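Okay, my_file.pdb is below, PDB, C-alpha atoms:
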ATOM      1  CA  MET D   1      78.109 153.281 156.377
ATOM      2  CA  ASP D   2      75.763 150.565 155.082
ATOM      3  CA  LEU D   3      77.400 150.093 151.687
ATOM      4  CA  ASP D   4      76.003 147.997 148.836
ATOM      5  CA  PRO D   5      78.284 144.919 148.705
ATOM      6  CA  ARG D   6      78.897 145.456 144.978
ATOM      7  CA  ALA D   7      79.923 149.058 145.690
ATOM      8  CA  ARG D   8      82.203 147.871 148.476
ATOM      9  CA  GLU D   9      83.816 145.332 146.153
ATOM     10  CA  LEU D  10      84.597 148.062 143.614
ATOM     11  CA  LEU D  11      85.947 150.387 146.308
ATOM     12  CA  THR D  12      88.164 147.790 147.956
ATOM     13  CA  GLY D  13      89.591 146.078 144.853
ATOM     14  CA  PRO D  14      92.684 147.410 143.060
ATOM     15  CA  ASN D  15      90.593 149.582 140.729
ATOM     16  CA  ILE D  16      91.686 153.027 139.654
ATOM     17  CA  GLY D  17      89.463 155.841 140.910
ATOM     18  CA  ASN D  18      88.582 158.830 138.787
ATOM     19  CA  LEU D  19      88.616 161.931 140.960
ATOM     20  CA  GLY D  20      86.314 164.722 139.792
ATOM     21  CA  TYR D  21      86.562 168.288 141.062
ATOM     22  CA  HIS D  22      86.046 171.874 139.985
ATOM     23  CA  GLY D  23      89.225 173.262 138.445
ATOM     24  CA  LEU D  24      90.547 176.708 139.306
ATOM     25  CA  ASP D  25      89.576 177.747 135.753
ATOM     26  CA  GLY D  26      85.947 176.768 136.337
ATOM     27  CA  TYR D  27      86.140 173.628 134.235
ATOM     28  CA  PRO D  28      85.435 170.182 135.614
ATOM     29  CA  LYS D  29      88.561 168.047 136.010
ATOM     30  CA  VAL D  30      88.889 164.271 136.047
ATOM     31  CA  LEU D  31      92.067 162.570 137.201
ATOM     32  CA  PRO D  32      92.801 158.860 137.673
ATOM     33  CA  VAL D  33      94.102 158.201 141.174
ATOM     34  CA  TRP D  34      95.076 155.470 143.570
ATOM     35  CA  PHE D  35      92.856 155.571 146.616
ATOM     36  CA  ARG D  36      92.032 153.710 149.799
ATOM     37  CA  LEU D  37      88.669 153.216 151.469
ATOM     38  CA  ALA D  38      89.205 153.886 155.176
ATOM     39  CA  GLY D  39      86.102 153.669 157.325
ATOM     40  CA  ASP D  40      83.583 156.082 155.865
ATOM     41  CA  GLU D  41      85.957 158.055 153.706
ATOM     42  CA  ILE D  42      88.004 157.865 150.524
ATOM     43  CA  GLN D  43      91.670 158.771 150.945
ATOM     44  CA  VAL D  44      94.013 159.941 148.187
ATOM     45  CA  ALA D  45      97.648 160.894 148.731
ATOM     46  CA  SER D  46      99.268 163.701 146.800
ATOM     47  CA  PRO D  47     102.597 165.454 146.518
ATOM     48  CA  PRO D  48     102.442 168.763 148.406
ATOM     49  CA  GLY D  49     100.733 171.717 146.713
ATOM     50  CA  ALA D  50      99.493 169.810 143.649
ATOM     51  CA  TYR D  51      96.902 171.460 141.428
ATOM     52  CA  LYS D  52      94.122 169.121 142.539
ATOM     53  CA  CYS D  53      94.779 169.997 146.183
ATOM     54  CA  ARG D  54      94.785 173.727 145.528
ATOM     55  CA  ALA D  55      91.536 173.359 143.604
ATOM     56  CA  LEU D  56      89.900 171.230 146.320
ATOM     57  CA  ARG D  57      90.943 173.701 148.994
ATOM     58  CA  ALA D  58      89.209 176.429 146.952
ATOM     59  CA  ASP D  59      86.092 174.323 146.283
ATOM     60  CA  PRO D  60      85.824 171.066 148.260
ATOM     61  CA  ARG D  61      82.990 169.504 146.272
ATOM     62  CA  ALA D  62      84.388 166.218 144.994
ATOM     63  CA  VAL D  63      83.418 162.903 143.491
ATOM     64  CA  LEU D  64      85.308 159.676 143.051
ATOM     65  CA  THR D  65      84.001 157.270 140.430
ATOM     66  CA  VAL D  66      85.201 153.702 140.141
ATOM     67  CA  SER D  67      84.164 151.352 137.376
ATOM     68  CA  THR D  68      85.157 148.023 135.923
ATOM     69  CA  PRO D  69      87.373 148.639 132.851
ATOM     70  CA  VAL D  70      85.495 146.204 130.595
ATOM     71  CA  ALA D  71      81.862 145.218 130.061
ATOM     72  CA  PRO D  72      79.655 144.619 131.948
ATOM     73  CA  TYR D  73      80.244 148.001 133.546
ATOM     74  CA  HIS D  74      79.634 148.403 137.252
ATOM     75  CA  VAL D  75      80.004 151.928 138.510
ATOM     76  CA  VAL D  76      80.116 153.496 141.930
ATOM     77  CA  SER D  77      80.335 157.230 142.584
ATOM     78  CA  VAL D  78      81.116 158.667 146.004
ATOM     79  CA  SER D  79      80.426 162.363 146.585
ATOM     80  CA  GLY D  80      81.295 164.618 149.484
ATOM     81  CA  LEU D  81      83.105 167.712 150.644
ATOM     82  CA  ALA D  82      86.817 166.962 150.525
ATOM     83  CA  ARG D  83      89.313 167.940 153.188
ATOM     84  CA  VAL D  84      92.950 168.411 152.283
ATOM     85  CA  ASP D  85      95.406 168.121 155.168
ATOM     86  CA  VAL D  86      99.156 168.060 155.413
ATOM     87  CA  PHE D  87     100.300 164.429 155.358
ATOM     88  CA  PRO D  88     103.317 164.100 157.687
ATOM     89  CA  GLU D  89     106.211 162.157 156.207
ATOM     90  CA  PRO D  90     105.992 158.961 158.313
ATOM     91  CA  GLU D  91     102.246 158.493 157.707
ATOM     92  CA  ARG D  92     102.694 159.442 154.065
ATOM     93  CA  ILE D  93     105.342 156.766 153.533
ATOM     94  CA  GLU D  94     103.191 154.145 155.260
ATOM     95  CA  PHE D  95     100.166 155.103 153.160
ATOM     96  CA  VAL D  96     102.013 155.128 149.826
ATOM     97  CA  ARG D  97     103.583 151.767 150.647
ATOM     98  CA  ALA D  98     100.153 150.267 151.388
ATOM     99  CA  VAL D  99      98.422 151.619 148.262
ATOM    100  CA  ALA D 100     101.376 150.781 145.993
ATOM    101  CA  GLU D 101     101.248 147.153 147.155
ATOM    102  CA  HIS D 102      97.455 147.167 146.841
ATOM    103  CA  TYR D 103      97.650 148.260 143.195
ATOM    104  CA  LEU D 104     100.927 146.725 142.047
ATOM    105  CA  GLY D 105     101.264 143.653 144.252
ATOM    106  CA  ALA D 106     103.990 143.008 146.851
ATOM    107  CA  GLU D 107     106.936 142.970 144.449
ATOM    108  CA  GLY D 108     105.738 145.799 142.174
ATOM    109  CA  GLY D 109     104.777 147.879 145.198
ATOM    110  CA  ARG D 110     108.252 147.530 146.701
ATOM    111  CA  ARG D 111     109.877 148.588 143.443
ATOM    112  CA  TYR D 112     107.526 151.572 143.211
ATOM    113  CA  VAL D 113     108.262 152.732 146.745
ATOM    114  CA  ASP D 114     112.031 152.300 146.242
ATOM    115  CA  GLY D 115     111.869 154.715 143.311
ATOM    116  CA  TRP D 116     109.445 157.101 144.973
ATOM    117  CA  ILE D 117     110.978 157.419 148.429
ATOM    118  CA  LYS D 118     113.957 159.539 147.407
ATOM    119  CA  GLY D 119     116.561 158.163 149.776
ATOM    120  CA  GLY D 120     114.084 157.738 152.625
ATOM    121  CA  HIS D 121     112.923 161.332 152.865
ATOM    122  CA  PRO D 122     110.106 162.236 150.471
ATOM    123  CA  GLY D 123     108.969 164.885 152.958
ATOM    124  CA  PRO D 124     105.373 165.680 153.846
ATOM    125  CA  GLY D 125     102.629 165.571 151.246
ATOM    126  CA  ASP D 126      98.906 166.221 151.169
ATOM    127  CA  LEU D 127      96.115 163.840 152.096
ATOM    128  CA  ILE D 128      92.747 164.264 150.387
ATOM    129  CA  ARG D 129      89.829 162.847 152.365
ATOM    130  CA  ILE D 130      86.383 162.552 150.823
ATOM    131  CA  PRO D 131      83.650 161.589 153.282
ATOM    132  CA  MET D 132      81.125 159.215 151.701
ATOM    133  CA  GLU D 133      78.186 161.613 151.978
ATOM    134  CA  ARG D 134      76.465 160.118 148.959
ATOM    135  CA  VAL D 135      77.152 156.789 147.261
ATOM    136  CA  ARG D 136      75.564 155.802 143.986
ATOM    137  CA  TYR D 137      75.936 152.348 142.480
ATOM    138  CA  THR D 138      74.822 151.630 138.924
ATOM    139  CA  ASN D 139      75.102 149.208 136.077
ATOM    140  CA  VAL D 140      75.504 151.055 132.819
ATOM    141  CA  SER D 141      75.212 149.992 129.241
ATOM    142  CA  GLY D 142      77.530 151.589 126.726
ATOM    143  CA  GLU D 143      75.209 154.238 125.360
TER     144      GLU D 143
ATOM    145  CA  MET Z   1      94.350 169.087 115.489
ATOM    146  CA  ASP Z   2      98.016 168.196 115.930
ATOM    147  CA  LEU Z   3      97.555 165.505 118.559
ATOM    148  CA  ASP Z   4     100.348 163.824 120.517
ATOM    149  CA  PRO Z   5     100.553 160.296 119.074
ATOM    150  CA  ARG Z   6     100.296 158.785 122.562
ATOM    151  CA  ALA Z   7      97.150 160.833 123.207
ATOM    152  CA  ARG Z   8      95.725 159.731 119.871
ATOM    153  CA  GLU Z   9      96.417 156.101 120.710
ATOM    154  CA  LEU Z  10      94.495 156.428 123.992
ATOM    155  CA  LEU Z  11      91.608 158.223 122.291
ATOM    156  CA  THR Z  12      91.278 155.765 119.416
ATOM    157  CA  GLY Z  13      91.712 152.491 121.318
ATOM    158  CA  PRO Z  14      88.784 150.725 123.020
ATOM    159  CA  ASN Z  15      89.383 152.569 126.299
ATOM    160  CA  ILE Z  16      86.550 153.772 128.498
ATOM    161  CA  GLY Z  17      86.318 157.540 128.801
ATOM    162  CA  ASN Z  18      85.451 159.265 132.054
ATOM    163  CA  LEU Z  19      83.170 162.195 131.328
ATOM    164  CA  GLY Z  20      83.368 165.042 133.827
ATOM    165  CA  TYR Z  21      80.780 167.803 134.059
ATOM    166  CA  HIS Z  22      79.086 170.106 136.552
ATOM    167  CA  GLY Z  23      76.005 168.448 138.015
ATOM    168  CA  LEU Z  24      72.735 170.293 138.426
ATOM    169  CA  ASP Z  25      73.359 170.175 142.199
ATOM    170  CA  GLY Z  26      76.663 172.019 141.818
ATOM    171  CA  TYR Z  27      78.786 168.927 142.446
ATOM    172  CA  PRO Z  28      81.280 167.597 139.917
ATOM    173  CA  LYS Z  29      80.134 164.377 138.250
ATOM    174  CA  VAL Z  30      82.234 161.642 136.659
ATOM    175  CA  LEU Z  31      80.672 158.969 134.471
ATOM    176  CA  PRO Z  32      82.354 156.209 132.461
ATOM    177  CA  VAL Z  33      81.256 156.346 128.824
ATOM    178  CA  TRP Z  34      81.834 154.862 125.418
ATOM    179  CA  PHE Z  35      83.031 157.546 123.033
ATOM    180  CA  ARG Z  36      84.341 158.063 119.550
ATOM    181  CA  LEU Z  37      86.996 160.485 118.332
ATOM    182  CA  ALA Z  38      85.597 162.097 115.170
ATOM    183  CA  GLY Z  39      87.793 164.734 113.594
ATOM    184  CA  ASP Z  40      88.463 167.352 116.250
ATOM    185  CA  GLU Z  41      85.728 166.329 118.641
ATOM    186  CA  ILE Z  42      84.747 163.657 121.139
ATOM    187  CA  GLN Z  43      81.306 162.140 120.563
ATOM    188  CA  VAL Z  44      79.191 160.375 123.168
ATOM    189  CA  ALA Z  45      75.726 158.965 122.516
ATOM    190  CA  SER Z  46      73.021 159.067 125.170
ATOM    191  CA  PRO Z  47      69.408 158.057 125.629
ATOM    192  CA  PRO Z  48      67.186 161.142 125.258
ATOM    193  CA  GLY Z  49      66.914 163.506 128.215
ATOM    194  CA  ALA Z  50      69.518 161.793 130.416
ATOM    195  CA  TYR Z  51      70.803 163.636 133.477
ATOM    196  CA  LYS Z  52      74.235 164.221 131.954
ATOM    197  CA  CYS Z  53      72.640 165.872 128.910
ATOM    198  CA  ARG Z  54      70.404 168.130 130.968
ATOM    199  CA  ALA Z  55      73.416 169.127 133.059
ATOM    200  CA  LEU Z  56      75.596 169.794 129.993
ATOM    201  CA  ARG Z  57      72.851 171.876 128.408
ATOM    202  CA  ALA Z  58      72.791 173.974 131.602
ATOM    203  CA  ASP Z  59      76.606 174.234 131.827
ATOM    204  CA  PRO Z  60      78.535 173.002 128.778
ATOM    205  CA  ARG Z  61      81.977 172.905 130.380
ATOM    206  CA  ALA Z  62      83.132 169.333 130.002
ATOM    207  CA  VAL Z  63      86.167 167.101 130.196
ATOM    208  CA  LEU Z  64      86.797 163.580 129.016
ATOM    209  CA  THR Z  65      89.687 161.727 130.627
ATOM    210  CA  VAL Z  66      91.039 158.463 129.286
ATOM    211  CA  SER Z  67      93.705 156.426 131.010
ATOM    212  CA  THR Z  68      95.233 152.985 130.856
ATOM    213  CA  PRO Z  69      93.612 150.802 133.540
ATOM    214  CA  VAL Z  70      96.896 149.429 134.894
ATOM    215  CA  ALA Z  71     100.378 150.820 135.513
ATOM    216  CA  PRO Z  72     102.169 152.538 133.890
ATOM    217  CA  TYR Z  73      99.371 155.080 133.717
ATOM    218  CA  HIS Z  74      99.036 157.208 130.622
ATOM    219  CA  VAL Z  75      96.377 159.857 130.827
ATOM    220  CA  VAL Z  76      94.803 162.205 128.340
ATOM    221  CA  SER Z  77      92.208 164.843 129.204
ATOM    222  CA  VAL Z  78      90.201 166.688 126.566
ATOM    223  CA  SER Z  79      88.350 169.833 127.622
ATOM    224  CA  GLY Z  80      85.842 171.959 125.765
ATOM    225  CA  LEU Z  81      82.355 173.385 125.690
ATOM    226  CA  ALA Z  82      79.990 170.517 124.927
ATOM    227  CA  ARG Z  83      77.059 170.682 122.552
ATOM    228  CA  VAL Z  84      74.117 168.363 123.017
ATOM    229  CA  ASP Z  85      71.997 167.783 119.938
ATOM    230  CA  VAL Z  86      69.103 165.511 119.121
ATOM    231  CA  PHE Z  87      70.493 162.323 117.560
ATOM    232  CA  PRO Z  88      68.039 161.152 114.861
ATOM    233  CA  GLU Z  89      67.242 157.459 115.015
ATOM    234  CA  PRO Z  90      69.091 156.280 111.860
ATOM    235  CA  GLU Z  91      72.343 158.050 112.762
ATOM    236  CA  ARG Z  92      71.949 156.967 116.382
ATOM    237  CA  ILE Z  93      71.673 153.308 115.397
ATOM    238  CA  GLU Z  94      74.693 153.573 113.117
ATOM    239  CA  PHE Z  95      76.735 155.265 115.846
ATOM    240  CA  VAL Z  96      75.797 152.805 118.585
ATOM    241  CA  ARG Z  97      76.575 149.886 116.281
ATOM    242  CA  ALA Z  98      80.016 151.318 115.521
ATOM    243  CA  VAL Z  99      80.973 152.060 119.126
ATOM    244  CA  ALA Z 100      79.577 148.762 120.424
ATOM    245  CA  GLU Z 101      81.753 146.863 117.927
ATOM    246  CA  HIS Z 102      84.698 149.113 118.791
ATOM    247  CA  TYR Z 103      84.428 148.267 122.503
ATOM    248  CA  LEU Z 104      83.049 144.728 122.441
ATOM    249  CA  GLY Z 105      84.360 143.318 119.174
ATOM    250  CA  ALA Z 106      82.281 142.232 116.162
ATOM    251  CA  GLU Z 107      80.408 139.418 117.879
ATOM    252  CA  GLY Z 108      79.901 141.151 121.237
ATOM    253  CA  GLY Z 109      78.869 144.358 119.485
ATOM    254  CA  ARG Z 110      76.219 142.547 117.449
ATOM    255  CA  ARG Z 111      74.790 140.961 120.587
ATOM    256  CA  TYR Z 112      74.776 144.334 122.349
ATOM    257  CA  VAL Z 113      72.947 146.066 119.507
ATOM    258  CA  ASP Z 114      70.415 143.221 119.224
ATOM    259  CA  GLY Z 115      69.461 143.772 122.849
ATOM    260  CA  TRP Z 116      69.586 147.554 122.665
ATOM    261  CA  ILE Z 117      67.690 148.188 119.446
ATOM    262  CA  LYS Z 118      64.236 147.338 120.799
ATOM    263  CA  GLY Z 119      62.754 145.730 117.704
ATOM    264  CA  GLY Z 120      64.497 148.123 115.331
ATOM    265  CA  HIS Z 121      63.120 151.386 116.715
ATOM    266  CA  PRO Z 122      65.072 152.797 119.659
ATOM    267  CA  GLY Z 123      63.897 156.281 118.636
ATOM    268  CA  PRO Z 124      66.041 159.399 118.668
ATOM    269  CA  GLY Z 125      68.608 160.001 121.388
ATOM    270  CA  ASP Z 126      71.073 162.731 122.258
ATOM    271  CA  LEU Z 127      74.565 163.247 120.888
ATOM    272  CA  ILE Z 128      77.133 164.955 123.105
ATOM    273  CA  ARG Z 129      79.962 166.612 121.203
ATOM    274  CA  ILE Z 130      83.033 167.945 122.981
ATOM    275  CA  PRO Z 131      85.361 169.977 120.770
ATOM    276  CA  MET Z 132      89.016 169.343 121.634
ATOM    277  CA  GLU Z 133      89.739 172.885 122.778
ATOM    278  CA  ARG Z 134      92.437 171.738 125.196
ATOM    279  CA  VAL Z 135      94.229 168.400 125.275
ATOM    280  CA  ARG Z 136      96.538 167.424 128.103
ATOM    281  CA  TYR Z 137      98.643 164.260 128.013
ATOM    282  CA  THR Z 138     100.480 163.059 131.110
ATOM    283  CA  ASN Z 139     102.185 160.113 132.663
ATOM    284  CA  VAL Z 140     101.207 159.806 136.277
ATOM    285  CA  SER Z 141     102.629 157.857 139.136
ATOM    286  CA  GLY Z 142     100.240 156.476 141.722
ATOM    287  CA  GLU Z 143     100.586 159.178 144.336
TER     288      GLU Z 143
END
Structure translated into structure tokens:
Amino acid sequence: MDLDPRARELLTGPNIGNLGYHGLDGYPKVLPVWFRLAGDEIQVASPPGAYKCRALRADPRAVLTVSTPVAPYHVVSVSGLARVDVFPEPERIEFVRAVAEHYLGAEGGRRYVDGWIKGGHPGPGDLIRIPMERVRYTNVSGE
Amino acid sequence: MDLDPRARELLTGPNIGNLGYHGLDGYPKVLPVWFRLAGDEIQVASPPGAYKCRALRADPRAVLTVSTPVAPYHVVSVSGLARVDVFPEPERIEFVRAVAEHYLGAEGGRRYVDGWIKGGHPGPGDLIRIPMERVRYTNVSGE
């Protein structure tokens, strides 16, 4: 995808994404997540059977918004129909290791994975994949 | 409302909120916003007739999620049925001045308002009010 370089910078830096989806109760939900841009899709790992995965399986319409935490605010929103697949244990471990180091640095990422990995066998999880069907980049003022 | 002190800290500090709502196209939308906690409601100012206001008038189900930008992640989500009212110019100016100083500090807020106020007459805007019908506080790991 021909991505605006400022959008790409936001999507590839260690910025928290805010995942938006329709909740099972009909309300919109917004959840901060770690994510990875892989080719033309956004990938988010999840423990198996989490609420967000059940909701996205029921209604796959999703958005991921990333913004700078302080002014000036740069914002990118990626929308698409999410797929939720089983994430086999080996690929899940590799993915979590990569995103943890991306967000926490080499040392912090290692510590995170050591605590998360549960003796080497966290089991399978879920992988949320949002194809970048629409990308919107904006600068916003505060109001 | 009897608010968890950690939730109150997130909602009263200069943290960006992520406003979630149902878009007019049926997709979930997530938008970073400045907000103020006033009594039992979340308040967000908007220019008149903005997309988010038209969407919230069509479907008032809303959520505002606030999280710390770096680990460890503390997250609070406030859900409720939003009201969108006309924001008369004098109250709008006072509100924008207060939130700009809250987020940017005294000096930065003054500069922001000087640029925003358009010669003293920005006109009326919209005020989004989300009553805190449900508040959810969580600590999340990255996955």
Go through chain Z and flag each residue having an atom no more than 8 Å from chain D; for those, report the closest pair of atoms plus their distance in Å to one decimal, using all atoms listed in the file, ordered by chain and rising number, as JSON lines.
{"residue": "Z:Asn15", "atom": "CA", "partner": "D:Pro69", "partner_atom": "CA", "distance": 7.9}
{"residue": "Z:Ile16", "atom": "CA", "partner": "D:Pro69", "partner_atom": "CA", "distance": 6.8}
{"residue": "Z:Asn18", "atom": "CA", "partner": "D:Val30", "partner_atom": "CA", "distance": 7.3}
{"residue": "Z:Leu19", "atom": "CA", "partner": "D:Val30", "partner_atom": "CA", "distance": 7.7}
{"residue": "Z:Gly20", "atom": "CA", "partner": "D:Pro28", "partner_atom": "CA", "distance": 5.8}
{"residue": "Z:Tyr21", "atom": "CA", "partner": "D:Pro28", "partner_atom": "CA", "distance": 5.5}
{"residue": "Z:His22", "atom": "CA", "partner": "D:Pro28", "partner_atom": "CA", "distance": 6.4}
{"residue": "Z:Tyr27", "atom": "CA", "partner": "D:Arg61", "partner_atom": "CA", "distance": 5.7}
{"residue": "Z:Pro28", "atom": "CA", "partner": "D:Tyr21", "partner_atom": "CA", "distance": 5.4}
{"residue": "Z:Lys29", "atom": "CA", "partner": "D:Val63", "partner_atom": "CA", "distance": 6.4}
{"residue": "Z:Val30", "atom": "CA", "partner": "D:Gly20", "partner_atom": "CA", "distance": 6.0}
{"residue": "Z:Leu31", "atom": "CA", "partner": "D:Thr65", "partner_atom": "CA", "distance": 7.0}
{"residue": "Z:Pro32", "atom": "CA", "partner": "D:Ser67", "partner_atom": "CA", "distance": 7.1}
{"residue": "Z:Val33", "atom": "CA", "partner": "D:Gly142", "partner_atom": "CA", "distance": 6.4}
{"residue": "Z:Trp34", "atom": "CA", "partner": "D:Gly142", "partner_atom": "CA", "distance": 5.6}
{"residue": "Z:Val44", "atom": "CA", "partner": "D:Glu143", "partner_atom": "CA", "distance": 7.6}
{"residue": "Z:Ala45", "atom": "CA", "partner": "D:Glu143", "partner_atom": "CA", "distance": 5.5}
{"residue": "Z:Ser46", "atom": "CA", "partner": "D:Glu143", "partner_atom": "CA", "distance": 5.3}
{"residue": "Z:Pro47", "atom": "CA", "partner": "D:Glu143", "partner_atom": "CA", "distance": 7.0}
{"residue": "Z:Arg61", "atom": "CA", "partner": "D:Tyr27", "partner_atom": "CA", "distance": 5.7}
{"residue": "Z:Ala62", "atom": "CA", "partner": "D:Pro28", "partner_atom": "CA", "distance": 6.1}
{"residue": "Z:Val63", "atom": "CA", "partner": "D:Pro28", "partner_atom": "CA", "distance": 6.3}
{"residue": "Z:Leu64", "atom": "CA", "partner": "D:Val30", "partner_atom": "CA", "distance": 7.4}
{"residue": "Z:Thr65", "atom": "CA", "partner": "D:Val30", "partner_atom": "CA", "distance": 6.0}
{"residue": "Z:Ser67", "atom": "CA", "partner": "D:Pro32", "partner_atom": "CA", "distance": 7.2}
{"residue": "Z:Pro69", "atom": "CA", "partner": "D:Pro69", "partner_atom": "CA", "distance": 6.6}
{"residue": "Z:Val70", "atom": "CA", "partner": "D:Ile16", "partner_atom": "CA", "distance": 7.9}
{"residue": "Z:Ala71", "atom": "CA", "partner": "D:Leu104", "partner_atom": "CA", "distance": 7.7}
{"residue": "Z:Val75", "atom": "CA", "partner": "D:Pro32", "partner_atom": "CA", "distance": 7.8}
{"residue": "Z:Ser77", "atom": "CA", "partner": "D:Val30", "partner_atom": "CA", "distance": 7.6}
{"residue": "Z:Ser79", "atom": "CA", "partner": "D:Tyr27", "partner_atom": "CA", "distance": 7.9}
{"residue": "Z:Val96", "atom": "CA", "partner": "D:Glu143", "partner_atom": "CA", "distance": 6.9}
{"residue": "Z:Ala100", "atom": "CA", "partner": "D:Gly142", "partner_atom": "CA", "distance": 7.2}
{"residue": "Z:Leu104", "atom": "CA", "partner": "D:Ala71", "partner_atom": "CA", "distance": 7.7}
{"residue": "Z:Gly142", "atom": "CA", "partner": "D:Trp34", "partner_atom": "CA", "distance": 5.6}
{"residue": "Z:Glu143", "atom": "CA", "partner": "D:Ser46", "partner_atom": "CA", "distance": 5.3}
- Message: Need to verify the contact set: Leu11 of chain Z, 7 Å, only C-alpha atoms, exclusion of same-chain residues closer than 3 positions in sequence. Can you return it as number ranges by chain?
- Response: Z: 7-8, 37
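On all C-alpha atoms, the superposed RMSD for chain D relative to chain Z stands at 0.0 Å.
Among the candidates D:Ala82, D:Asp114, D:Arg6, D:Gly109, the one nearest to Glu41 of chain D when counting all atoms listed in the file is D:Ala82.
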- Calculate how many Å separate atom CA of Ala58 of chain Z from atom CA of Asp85 of chain Z, rounding to one decimal. 13.2 Å
Would you compute an axis-aligned box for segment 47-51 of chain Z, covering every atom listed for it in the file with 6 Å of margin on each side, and report centre and edge lengths in Å to one decimal as AutoDock Vina command-line options?
--center_x 68.9 --center_y 160.8 --center_z 129.4 --size_x 15.9 --size_y 17.6 --size_z 20.2
